Each structure stands twice: as structure tokens, then as C-alpha cells.
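Shown next: query.tsv, given as TSV, C-alpha atoms and all ligand atoms.
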chain	number	residue	atom	x	y	z
A	1	MET	CA	240.18	93.17	31.04
A	2	THR	CA	243.45	94.86	30.13
A	3	ALA	CA	244.06	96.90	27.03
A	4	THR	CA	246.23	94.16	25.56
A	5	GLU	CA	243.31	91.76	25.77
A	6	THR	CA	240.90	93.75	23.66
A	7	VAL	CA	240.13	92.50	20.18
A	8	LYS	CA	239.49	94.64	17.18
A	9	GLN	CA	235.92	94.00	16.16
A	10	GLY	CA	235.26	96.71	13.61
A	11	PRO	CA	232.40	99.10	14.26
A	12	SER	CA	229.38	96.97	15.06
A	13	ARG	CA	229.85	93.65	13.25
A	14	ARG	CA	226.62	94.37	11.45
A	15	PRO	CA	225.76	91.40	9.24
A	16	PRO	CA	226.52	91.91	5.53
A	17	THR	CA	222.78	91.75	4.91
A	18	GLY	CA	222.37	94.86	7.08
A	19	GLY	CA	220.01	93.06	9.46
A	20	PRO	CA	219.81	93.57	13.22
A	21	VAL	CA	223.06	93.12	15.14
A	22	ASP	CA	223.24	90.30	17.69
A	23	LEU	CA	224.29	91.95	20.95
A	24	VAL	CA	225.03	88.72	22.85
A	25	GLY	CA	228.20	88.10	20.87
A	26	LEU	CA	229.67	91.59	21.24
A	27	ASP	CA	232.28	92.08	23.93
A	28	ARG	CA	232.59	95.45	25.60
A	29	THR	CA	234.72	96.92	22.81
A	30	GLY	CA	232.24	95.78	20.21
A	31	LEU	CA	229.20	97.03	22.12
A	32	GLU	CA	230.80	100.41	22.73
A	33	ALA	CA	231.44	100.70	19.00
A	34	PHE	CA	227.83	99.73	18.33
A	35	PHE	CA	226.45	102.43	20.63
A	36	THR	CA	228.89	105.03	19.34
A	37	GLU	CA	227.64	104.28	15.85
A	38	LEU	CA	224.09	104.86	17.10
A	39	GLY	CA	225.17	108.27	18.44
A	40	GLU	CA	224.90	107.07	22.06
A	41	LYS	CA	227.36	107.24	24.95
A	42	ARG	CA	229.73	104.33	25.40
A	43	PHE	CA	228.46	103.59	28.92
A	44	ARG	CA	225.30	102.18	27.33
A	45	ALA	CA	227.44	99.14	26.54
A	46	ARG	CA	227.96	98.41	30.23
A	47	GLN	CA	224.26	98.84	30.98
A	48	VAL	CA	223.23	96.46	28.23
A	49	MET	CA	225.89	93.91	29.19
A	50	GLN	CA	224.49	93.78	32.70
A	51	TRP	CA	220.97	93.23	31.39
A	52	LEU	CA	222.01	90.55	28.95
A	53	HIS	CA	224.58	88.61	30.92
A	54	GLN	CA	223.94	89.27	34.61
A	55	ARG	CA	220.17	89.57	34.71
A	56	GLY	CA	219.49	87.30	31.74
A	57	VAL	CA	217.07	89.79	30.19
A	58	SER	CA	216.47	89.54	26.45
A	59	ASP	CA	213.61	92.01	25.93
A	60	PHE	CA	214.86	95.55	25.24
A	61	GLU	CA	211.60	96.97	26.64
A	62	ALA	CA	212.51	95.51	30.04
A	63	MET	CA	215.85	97.39	30.11
A	64	THR	CA	214.42	100.20	32.13
A	65	ASP	CA	217.53	102.33	32.53
A	66	LEU	CA	217.61	102.90	28.78
A	67	GLY	CA	215.43	105.69	27.43
A	68	LYS	CA	212.25	104.83	25.58
A	69	GLY	CA	213.64	106.11	22.29
A	70	LEU	CA	216.81	104.03	22.60
A	71	ARG	CA	214.81	100.92	23.48
A	72	ALA	CA	212.74	101.41	20.34
A	73	ARG	CA	215.85	101.81	18.20
A	74	LEU	CA	217.38	98.69	19.69
A	75	GLY	CA	214.20	96.86	18.82
A	76	GLU	CA	214.76	97.86	15.18
A	77	GLN	CA	218.52	97.57	14.86
A	78	ALA	CA	219.59	94.91	17.34
A	79	ARG	CA	218.57	91.52	18.56
A	80	VAL	CA	219.41	89.00	21.27
A	81	LEU	CA	220.43	85.61	19.96
A	82	GLU	CA	218.74	82.80	21.83
A	83	PRO	CA	219.23	79.17	20.83
A	84	ALA	CA	216.27	76.82	20.74
A	85	VAL	CA	216.41	74.25	23.54
A	86	LEU	CA	215.88	71.04	21.60
A	87	SER	CA	216.35	68.81	24.61
A	88	GLU	CA	217.46	68.79	28.22
A	89	GLN	CA	218.66	65.56	29.81
A	90	ARG	CA	219.46	65.12	33.49
A	91	SER	CA	221.84	62.44	34.70
A	92	ALA	CA	221.45	60.55	37.95
A	93	ASP	CA	224.68	62.26	39.12
A	94	GLY	CA	223.24	65.77	38.61
A	95	THR	CA	224.89	66.45	35.25
A	96	ILE	CA	222.64	68.29	32.78
A	97	LYS	CA	223.07	68.14	29.02
A	98	TRP	CA	221.32	70.51	26.63
A	99	LEU	CA	221.01	70.14	22.90
A	100	LEU	CA	220.76	73.69	21.60
A	101	GLY	CA	219.50	74.44	18.11
A	102	LEU	CA	221.15	77.17	16.04
A	103	GLU	CA	219.38	79.36	13.52
A	104	ASP	CA	220.77	77.50	10.49
A	105	GLY	CA	219.54	74.12	11.72
A	106	ASN	CA	222.79	72.93	13.27
A	107	ALA	CA	222.85	71.99	16.93
A	108	VAL	CA	225.46	71.86	19.67
A	109	GLU	CA	225.67	70.25	23.09
A	110	THR	CA	226.44	71.98	26.36
A	111	VAL	CA	226.98	70.11	29.62
A	112	PHE	CA	226.74	71.33	33.23
A	113	ILE	CA	228.66	69.24	35.77
A	114	PRO	CA	227.95	70.05	39.42
A	115	ASP	CA	230.46	69.24	42.14
A	116	ASP	CA	230.56	69.97	45.85
A	117	ASP	CA	232.49	73.20	45.54
A	118	ARG	CA	231.94	74.22	41.91
A	119	GLY	CA	229.71	73.93	38.88
A	120	THR	CA	231.49	73.52	35.57
A	121	LEU	CA	229.94	74.26	32.21
A	122	CYS	CA	231.47	72.46	29.26
A	123	ILE	CA	230.76	74.53	26.14
A	124	SER	CA	231.07	73.91	22.41
A	125	SER	CA	233.04	76.12	20.05
A	126	GLN	CA	232.19	74.48	16.72
A	127	ALA	CA	229.22	72.64	15.25
A	128	GLY	CA	230.91	69.29	14.75
A	129	CYS	CA	234.67	69.10	14.48
A	130	PRO	CA	237.11	68.70	11.58
A	131	LEU	CA	239.85	66.91	13.51
A	132	ASP	CA	238.63	63.32	13.54
A	133	CYS	CA	240.15	62.09	16.80
A	134	LYS	CA	239.45	58.39	16.87
A	135	PHE	CA	238.21	58.18	20.46
A	136	CYS	CA	235.70	61.06	20.13
A	137	ALA	CA	232.10	60.87	19.01
A	138	THR	CA	232.12	64.50	17.84
A	139	GLY	CA	234.90	63.75	15.37
A	140	TYR	CA	232.86	60.96	13.80
A	141	GLY	CA	229.99	63.35	13.12
A	142	GLY	CA	232.03	65.54	10.74
A	143	PHE	CA	232.36	69.31	10.72
A	144	GLN	CA	229.59	71.79	10.03
A	145	ARG	CA	231.01	75.21	10.91
A	146	ASN	CA	232.55	77.51	13.49
A	147	LEU	CA	230.25	79.05	16.06
A	148	ALA	CA	229.85	82.82	16.25
A	149	PRO	CA	230.77	84.47	19.56
A	150	GLY	CA	227.08	84.91	20.35
A	151	GLU	CA	226.45	81.21	19.79
A	152	ILE	CA	229.22	80.38	22.26
A	153	ILE	CA	228.06	82.84	24.91
A	154	SER	CA	224.40	81.97	24.50
A	155	GLN	CA	225.26	78.49	25.83
A	156	VAL	CA	226.45	80.18	29.02
A	157	ARG	CA	223.41	82.46	29.14
A	158	HIS	CA	221.10	79.50	28.82
A	159	ALA	CA	222.88	77.44	31.47
A	160	ARG	CA	222.86	80.40	33.86
A	161	SER	CA	219.13	80.77	33.37
A	162	VAL	CA	218.71	77.19	34.61
A	163	VAL	CA	221.41	76.68	37.26
A	164	GLY	CA	222.06	80.30	38.32
A	165	ASP	CA	225.09	80.97	40.51
A	166	ARG	CA	225.93	77.28	40.73
A	167	LEU	CA	227.80	77.88	37.47
A	168	THR	CA	231.32	78.86	38.56
A	169	ASN	CA	233.72	77.49	35.93
A	170	ILE	CA	233.84	77.26	32.15
A	171	VAL	CA	235.71	74.70	30.10
A	172	PHE	CA	235.99	74.84	26.31
A	173	MET	CA	235.82	71.05	26.05
A	174	GLY	CA	232.53	70.51	24.29
A	175	MET	CA	232.10	69.98	20.57
A	176	GLY	CA	234.90	71.32	18.38
A	177	GLU	CA	238.51	72.41	18.68
A	178	PRO	CA	238.42	75.89	20.26
A	179	LEU	CA	241.76	77.01	18.85
A	180	LEU	CA	240.45	76.47	15.31
A	181	ASN	CA	237.81	79.12	16.06
A	182	TYR	CA	240.23	81.39	17.81
A	183	ASP	CA	238.77	84.88	17.32
A	184	ALA	CA	235.27	83.88	18.41
A	185	VAL	CA	236.60	81.97	21.42
A	186	LEU	CA	238.77	84.91	22.44
A	187	ARG	CA	235.82	87.26	22.22
A	188	ALA	CA	233.77	84.87	24.34
A	189	ILE	CA	236.56	84.73	26.92
A	190	HIS	CA	236.54	88.53	27.10
A	191	LEU	CA	232.84	88.42	27.96
A	192	LEU	CA	233.33	85.63	30.49
A	193	MET	CA	235.98	87.70	32.26
A	194	ASP	CA	234.32	91.11	32.00
A	195	ASP	CA	232.95	92.38	35.32
A	196	TYR	CA	229.89	93.74	33.52
A	197	ALA	CA	229.14	90.30	32.07
A	198	TYR	CA	230.19	87.11	33.92
A	199	GLY	CA	233.17	88.41	35.91
A	200	LEU	CA	235.01	85.08	35.99
A	201	SER	CA	238.70	85.06	36.83
A	202	ARG	CA	240.98	83.42	34.30
A	203	ARG	CA	241.58	80.66	36.85
A	204	ARG	CA	237.99	79.57	36.28
A	205	ILE	CA	238.25	79.36	32.50
A	206	THR	CA	239.99	76.49	30.72
A	207	VAL	CA	240.65	76.10	27.02
A	208	SER	CA	241.28	72.54	25.94
A	209	THR	CA	243.14	71.77	22.72
A	210	VAL	CA	244.39	68.69	20.95
A	211	GLY	CA	247.41	70.72	19.92
A	212	VAL	CA	246.96	73.60	17.48
A	213	VAL	CA	250.47	74.69	18.36
A	214	PRO	CA	250.67	78.22	16.86
A	215	LYS	CA	247.43	79.21	18.58
A	216	ILE	CA	248.64	77.99	21.99
A	217	ALA	CA	251.31	80.68	21.88
A	218	GLU	CA	248.75	83.25	20.73
A	219	LEU	CA	246.39	82.35	23.57
A	220	GLY	CA	249.26	82.71	26.03
A	221	ARG	CA	249.94	86.19	24.70
A	222	ASP	CA	246.32	87.32	24.46
A	223	THR	CA	244.72	85.92	27.61
A	224	PRO	CA	246.56	83.16	29.47
A	225	VAL	CA	243.60	81.22	30.82
A	226	ASN	CA	244.05	77.66	32.04
A	227	LEU	CA	245.29	75.31	29.38
A	228	ALA	CA	244.34	71.67	28.97
A	229	ILE	CA	246.04	69.48	26.41
A	230	SER	CA	244.31	66.41	25.00
A	231	LEU	CA	247.48	64.35	24.86
A	232	HIS	CA	246.35	60.70	24.86
A	233	ALA	CA	249.61	59.16	23.62
A	234	VAL	CA	253.32	59.29	24.37
A	235	SER	CA	254.69	58.43	20.92
A	236	ASP	CA	254.10	60.10	17.58
A	237	GLU	CA	253.32	56.69	16.15
A	238	VAL	CA	250.28	56.17	18.40
A	239	ARG	CA	249.29	59.82	18.50
A	240	ASP	CA	249.37	60.13	14.69
A	241	ARG	CA	246.77	57.38	14.66
A	242	ILE	CA	244.37	58.50	17.36
A	243	VAL	CA	244.86	62.31	17.23
A	244	PRO	CA	245.52	63.01	13.53
A	245	ILE	CA	246.51	66.66	14.03
A	246	ASN	CA	249.70	65.21	15.53
A	247	ARG	CA	250.91	64.64	11.96
A	248	THR	CA	250.98	68.43	11.57
A	249	TYR	CA	252.10	69.34	15.08
A	250	PRO	CA	254.01	66.37	16.54
A	251	LEU	CA	254.59	65.77	20.22
A	252	GLU	CA	257.88	67.58	20.46
A	253	ARG	CA	256.41	70.83	19.11
A	254	LEU	CA	253.31	70.48	21.25
A	255	LEU	CA	255.28	69.98	24.45
A	256	GLN	CA	257.60	72.87	23.62
A	257	ALA	CA	254.52	75.10	23.24
A	258	CYS	CA	253.45	73.93	26.71
A	259	ARG	CA	256.87	74.75	28.17
A	260	ASP	CA	256.60	78.22	26.63
A	261	TYR	CA	253.04	78.89	27.85
A	262	PRO	CA	253.12	81.77	30.37
A	263	LEU	CA	251.80	80.01	33.46
A	264	PRO	CA	251.67	81.81	36.80
A	265	ALA	CA	253.81	80.07	39.42
A	266	THR	CA	251.05	78.17	41.18
A	267	ARG	CA	249.26	76.82	38.14
A	268	ARG	CA	249.61	73.63	36.10
A	269	ILE	CA	248.73	72.60	32.59
A	270	THR	CA	246.23	69.75	32.59
A	271	PHE	CA	247.07	66.82	30.32
A	272	GLU	CA	244.07	64.70	29.40
A	273	TYR	CA	244.83	61.06	28.70
A	274	VAL	CA	242.02	58.78	27.59
A	275	MET	CA	242.67	55.18	28.63
A	276	LEU	CA	242.29	52.87	25.63
A	277	ASP	CA	242.70	49.17	26.21
A	278	GLY	CA	245.90	47.87	24.62
A	279	VAL	CA	246.53	51.14	22.74
A	280	ASN	CA	248.16	53.57	25.18
A	281	ASP	CA	247.79	52.09	28.66
A	282	SER	CA	250.97	50.06	29.31
A	283	PRO	CA	253.34	50.64	32.25
A	284	ALA	CA	256.08	51.57	29.78
A	285	GLU	CA	253.83	54.31	28.39
A	286	ALA	CA	253.17	55.61	31.89
A	287	ARG	CA	256.92	55.88	32.50
A	288	ARG	CA	257.39	57.57	29.13
A	289	LEU	CA	254.67	60.09	30.02
A	290	VAL	CA	256.58	61.08	33.15
A	291	ASP	CA	259.71	61.63	31.06
A	292	LEU	CA	257.86	63.64	28.42
A	293	LEU	CA	256.30	66.00	30.95
A	294	ALA	CA	259.52	66.63	32.87
A	295	GLY	CA	259.96	70.36	33.41
A	296	ILE	CA	256.31	71.22	32.73
A	297	PRO	CA	254.08	72.10	35.71
A	298	ALA	CA	251.59	69.38	34.88
A	299	LYS	CA	248.57	67.57	36.16
A	300	VAL	CA	247.46	64.38	34.41
A	301	ASN	CA	243.79	63.47	34.14
A	302	LEU	CA	243.30	59.84	33.24
A	303	ILE	CA	239.95	59.43	31.52
A	304	PRO	CA	238.43	55.97	31.28
A	305	PHE	CA	237.28	55.76	27.67
A	306	ASN	CA	233.57	56.44	27.24
A	307	PRO	CA	232.26	54.20	24.48
A	308	PHE	CA	229.97	55.36	21.65
A	309	PRO	CA	228.46	53.36	18.79
A	310	GLN	CA	231.15	53.86	16.11
A	311	ALA	CA	234.11	53.52	18.45
A	312	GLU	CA	236.86	51.06	17.58
A	313	PHE	CA	238.31	51.00	21.12
A	314	GLN	CA	237.56	49.46	24.49
A	315	ARG	CA	237.98	51.10	27.88
A	316	SER	CA	241.16	50.02	29.71
A	317	SER	CA	240.56	47.71	32.65
A	318	ARG	CA	240.31	49.18	36.14
A	319	GLU	CA	243.59	47.44	36.99
A	320	ALA	CA	245.41	48.94	34.00
A	321	ILE	CA	244.15	52.44	34.83
A	322	ASP	CA	245.14	52.11	38.51
A	323	ARG	CA	248.56	50.73	37.60
A	324	PHE	CA	249.14	53.59	35.12
A	325	ARG	CA	248.11	56.19	37.70
A	326	ASP	CA	250.28	54.62	40.41
A	327	ILE	CA	253.36	54.79	38.19
A	328	LEU	CA	252.73	58.50	37.66
A	329	LEU	CA	252.19	59.11	41.38
A	330	GLU	CA	255.27	57.10	42.39
A	331	ARG	CA	257.36	59.33	40.14
A	332	GLY	CA	256.00	62.52	41.68
A	333	MET	CA	253.41	63.52	39.09
A	334	VAL	CA	250.05	64.98	40.04
A	335	ALA	CA	247.58	62.51	38.56
A	336	VAL	CA	243.93	61.63	39.04
A	337	THR	CA	241.51	59.26	37.39
A	338	ARG	CA	238.48	61.19	36.30
A	339	THR	CA	235.15	59.75	37.35
A	340	PRO	CA	232.89	59.59	34.30
A	341	ARG	CA	230.09	62.13	34.70
A	342	GLY	CA	226.81	62.05	32.87
A	343	ASP	CA	227.63	58.87	30.94
A	344	ASP	CA	224.05	57.67	31.40
A	345	ILE	CA	222.95	60.57	29.15
A	346	ASP	CA	225.95	60.39	26.76
A	347	ALA	CA	227.32	63.60	28.26
A	348	ALA	CA	230.70	62.26	29.34
A	349	CYS	CA	234.02	63.19	27.74
A	350	GLY	CA	234.17	62.28	24.07
A	351	GLN	CA	230.49	61.40	23.82
A	352	LEU	CA	229.02	64.65	22.45
A	353	GLN	CA	227.51	64.25	19.03
A	354	GLY	CA	225.04	67.10	18.71
A	355	ARG	CA	222.06	64.79	18.63
A	356	ASP	CA	219.40	63.30	20.85
A	357	ARG	CA	219.78	59.82	22.27
A	358	ASP	CA	217.22	58.62	19.77
A	359	GLY	CA	219.70	59.49	17.04
A	360	GLY	CA	218.30	62.76	15.69
A	361	ASP	CA	221.04	64.35	13.56
A	362	SER	CA	222.98	67.49	14.45
A	363	SER	CA	221.88	69.10	11.20
A	364	LEU	CA	218.30	69.33	12.23
A	365	GLY	CA	216.92	71.55	9.53
A	366	ALA	CA	213.46	72.96	9.86
A	367	GLU	CA	212.10	69.55	10.75
A	368	GLY	CA	214.28	69.04	13.81
A	369	ALA	CA	214.20	72.61	14.98
A	401	LIG	S1	238.59	65.38	20.72
A	401	LIG	FE1	238.14	67.54	20.35
A	401	LIG	S2	239.42	68.04	18.57
A	401	LIG	FE2	239.28	65.79	18.61
A	401	LIG	S3	237.51	65.29	17.29
A	401	LIG	FE3	236.75	65.47	19.42
A	401	LIG	S4	236.02	67.59	19.56
A	401	LIG	FE4	237.41	67.48	17.78
Represent the structure of the file as C-alpha cells.
Ligand code: SF4
Amino acid sequence: MTATETVKQGPSRRPPTGGPVDLVGLDRTGLEAFFTELGEKRFRARQVMQWLHQRGVSDFEAMTDLGKGLRARLGEQARVLEPAVLSEQRSADGTIKWLLGLEDGNAVETVFIPDDDRGTLCISSQAGCPLDCKFCATGYGGFQRNLAPGEIISQVRHARSVVGDRLTNIVFMGMGEPLLNYDAVLRAIHLLMDDYAYGLSRRRITVSTVGVVPKIAELGRDTPVNLAISLHAVSDEVRDRIVPINRTYPLERLLQACRDYPLPATRRITFEYVMLDGVNDSPAEARRLVDLLAGIPAKVNLIPFNPFPQAEFQRSSREAIDRFRDILLERGMVAVTRTPRGDDIDAACGQLQGRDRDGGDSSLGAEGA
């Protein structure tokens, strides 16, 4: 991590109540400040990061390279946030979905998607989502709150405890709009990239946004990880309807932010495009998409719509999706049709609702937790 990527965290982010500090959500800068405040050397931060994030240890007494006295003080003044695993579902295709309970009774979903050469974890950044995209189950569930950095990283810790080194990539594509919870997401990215935590290169981290334009520029300045744009329409008229944030940041501004994003030469911005029957899937719209993305190093992911109970749309036909993709390919775009993964456990794109299949709500309260 470079100096420009550090975030000011204040001394130890001790809760206003003065209770124990959650160490999972502190990046290296924050942990060093915490140990300095305790009168300890800063290198303790690196030791504890390795225990927490590389060895998956949560018990301070097991951190044997810390002195007995320090372990006892950590037991009094710190804690390790661990979400409750409310459910684990395994798809026939190997995808795993966890419903993780938070301390206030909310719950979020986290999905592991194994492939031949990689294992991608799709993590949530908010409990619910305020943006109300019409093709997304999360949007229909309303917004509860932003996640704390520790609540974001504890999804990764949990997944690692189950799948180990098969986890190689992280995508912020779960519940919520990551750029509306920018500081927490940035802190989580620092931990994901830190060699004393997860040591992932920025090529293996992707932030997906529906288009919070000012924050795209900020992300590019702070830590230019891979960028994915949930585009889904080629006119403001259609996009205003299915991605309401487009009324604030219309297509032209969004695409300019993409042109300005500091991409290394060999990388592309991914544009996600959900295929909705009769809404955005015509040949004319495919041609318009090529025109819109001219000059942007782009890859288009066509996503067959994954239905959910409240949805007002149908999935485009196979023929319409193939025709759309072929038009993109004929005009020199990089384009693929994404194979739905985990749709038998409602873990596919746009299906996350923070609830069990039997309909348990995402605000679980004491009863659900
Ligand atoms: S697509 Fe993303 S931003 Fe839109 S409602 Fe769903 S989670 Fe929120």
C-alpha cells in the first residue's frame, strides 16, 4: 500500500460508548494507531493482522507472539467481530451463499463462485440498498444501513475459513452500492491489498457501481482497482426507469467518468448489461451500446435476467441475447454472455435479498439471529 492510499482513521476508532474496539475493521494505519495508544510498538499491528486475516485466529490468547500482558489487555479493550452464520446454501454448480447475521439484527449475503482458475467472492457493502434498481431484488428490500469496515472484511474472513486459498478474487457486487459507503469500502480494500492481511493485487479486486459519478473519480485517485459499471441501458429514458440514480448522474456524465478513470494500459472497464425482454435488448440498442463505449477500453458482460418474486421483467430470449452479443462482437467489442451461477439457491446476480429461501426477513432481530 502506498502512502497516498492510506486513510485517516483517527486514533483507534473506539466506539463512542467506550467499549472494546473491533480489530477486524482496522487497516494497518488504524491498528498502528490503536497499539500506539496502548503504549505498544507499531509492529504489533502487523502481528495481529497476520493472526486475524491470514491465520483466521480470533482468540487473543492464541496469538502466541504477543506477550501475556498484552493479550490480557486486548481481551479487555479489543474484540474480533464475527458475524453469525444464519445459513449456508450450496448450489449444484459449486457456488456457496452465506447469510450472515450482524449484531444489530440485520443480515447480508455473501457468495463464493468457484471457477477453474479462480474463486471469486462477491461481498456486500450495505445492509439493503437505497437505490431501487428495478431489476434487482436487493433494491426491493429497502435500505437498512451502511456496513462498517469490519462487517465487510468479516465476510472475507468467514469465506476464507470455509474455502481457504480457493478464494482469489473479490468483487463488491453483493448487496448495496459500494460507492455510497465509500470510506468503509476503501478501508476494506486497504486490508484486502495489504501483504499482512490478504495480499491481493488490485487486479483481483473489482468495485461495481451503478454510477455514483463523483466517487468514481475519487476511487480512481485513491486506489484504482478494477471498475465495473452496471449500465443496463443505452438511453437516459430507459436508464432513468430501471436505474433511478441515472436521473442524478445521466449516461453522458457516467461515461465521461469512465473515460477519465486511470486504467493501466492492459485493463478494461467491465460494463454489466442485464438482458430484459423488450426493454433494452433490441439490435438497435446493441449498436447504440457500441457507439456509446467508443474510446473506452471496455468489456461487456451480458447478464440474462435472474427473476425474483417482485420482478416486473422477463429474461430476454436466448436468441435475443445471442443476437445482441453478436452485434457487439461484429463491431469489435469484447463481449460475453455470463452464465448464471448459483441461481438454484437465489445467489445469482440481482437475486440477493438478505433472507433465507423460506422468506425470513433481512431484519432478523433477536428472533432470527
Ligand atoms: S443493482 Fe446494486 S445499486 Fe441497484 S438496487 Fe441492486 S444492490 Fe442497489
Could you give me, as a list in words, the residues within 12 Å of Arg42 of chain A, counting all atoms listed in the file and dropping anything in the same chain fewer than 6 positions from it?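 My list of contacting residues is Arg28, Thr29, Gly30, Leu31, Glu32, Ala33, Phe34, Phe35, Thr36, Val48 and Met49 of chain A.
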In terms of the shortest atom-to-atom distance over all atoms listed in the file, which of A:Arg90, A:Arg247, A:Arg241, A:Lys134 is closest to Val213 of chain A?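 Nearest candidate to Val213 of chain A out of A:Arg90, A:Arg247, A:Arg241, A:Lys134: A:Arg247.
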Counting all atoms listed in the file, the residue of A:Asp59, A:Leu66, A:Gln77, A:Ala217 that sits nearest Glu37 of chain A: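 For Glu37 of chain A, the nearest of the given residues is A:Gln77.
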Under the rule of at most 7 Å, produce a per-residue listing of chain A near ligand LIG 401 (chain A): chain, number, name, the closest pair of atoms, and the distance in Å, as CSV, using all atoms listed in the file.
residue,atom,partner,partner_atom,distance
A:Cys129,CA,A:LIG401,FE4,4.6
A:Pro130,CA,A:LIG401,FE4,6.3
A:Leu131,CA,A:LIG401,S3,4.7
A:Asp132,CA,A:LIG401,S3,4.4
A:Cys133,CA,A:LIG401,S3,4.2
A:Cys136,CA,A:LIG401,FE3,4.6
A:Ala137,CA,A:LIG401,FE3,6.6
A:Thr138,CA,A:LIG401,FE3,5.0
A:Gly139,CA,A:LIG401,S3,3.6
A:Gly174,CA,A:LIG401,S4,6.6
A:Met175,CA,A:LIG401,S4,4.7
A:Gly176,CA,A:LIG401,S4,4.1
A:Glu177,CA,A:LIG401,S2,4.5
A:Thr209,CA,A:LIG401,S2,6.7
A:Val210,CA,A:LIG401,S2,5.5
A:Val243,CA,A:LIG401,FE2,6.7
A:Gly350,CA,A:LIG401,FE3,6.2
Å distance separating atom CA of Val225 of chain A from atom CA of Asn246 of chain A, one decimal place: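 The value is 23.0 Å.
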Show me, as a ChimeraX atom specification, the residues that have an atom within 12 Å of Phe324 of chain A when counting only C-alpha atoms, minus same-chain residues fewer than 4 positions from it. /A:273-277,280-290,300-304,316-320,328-331,333,335-337
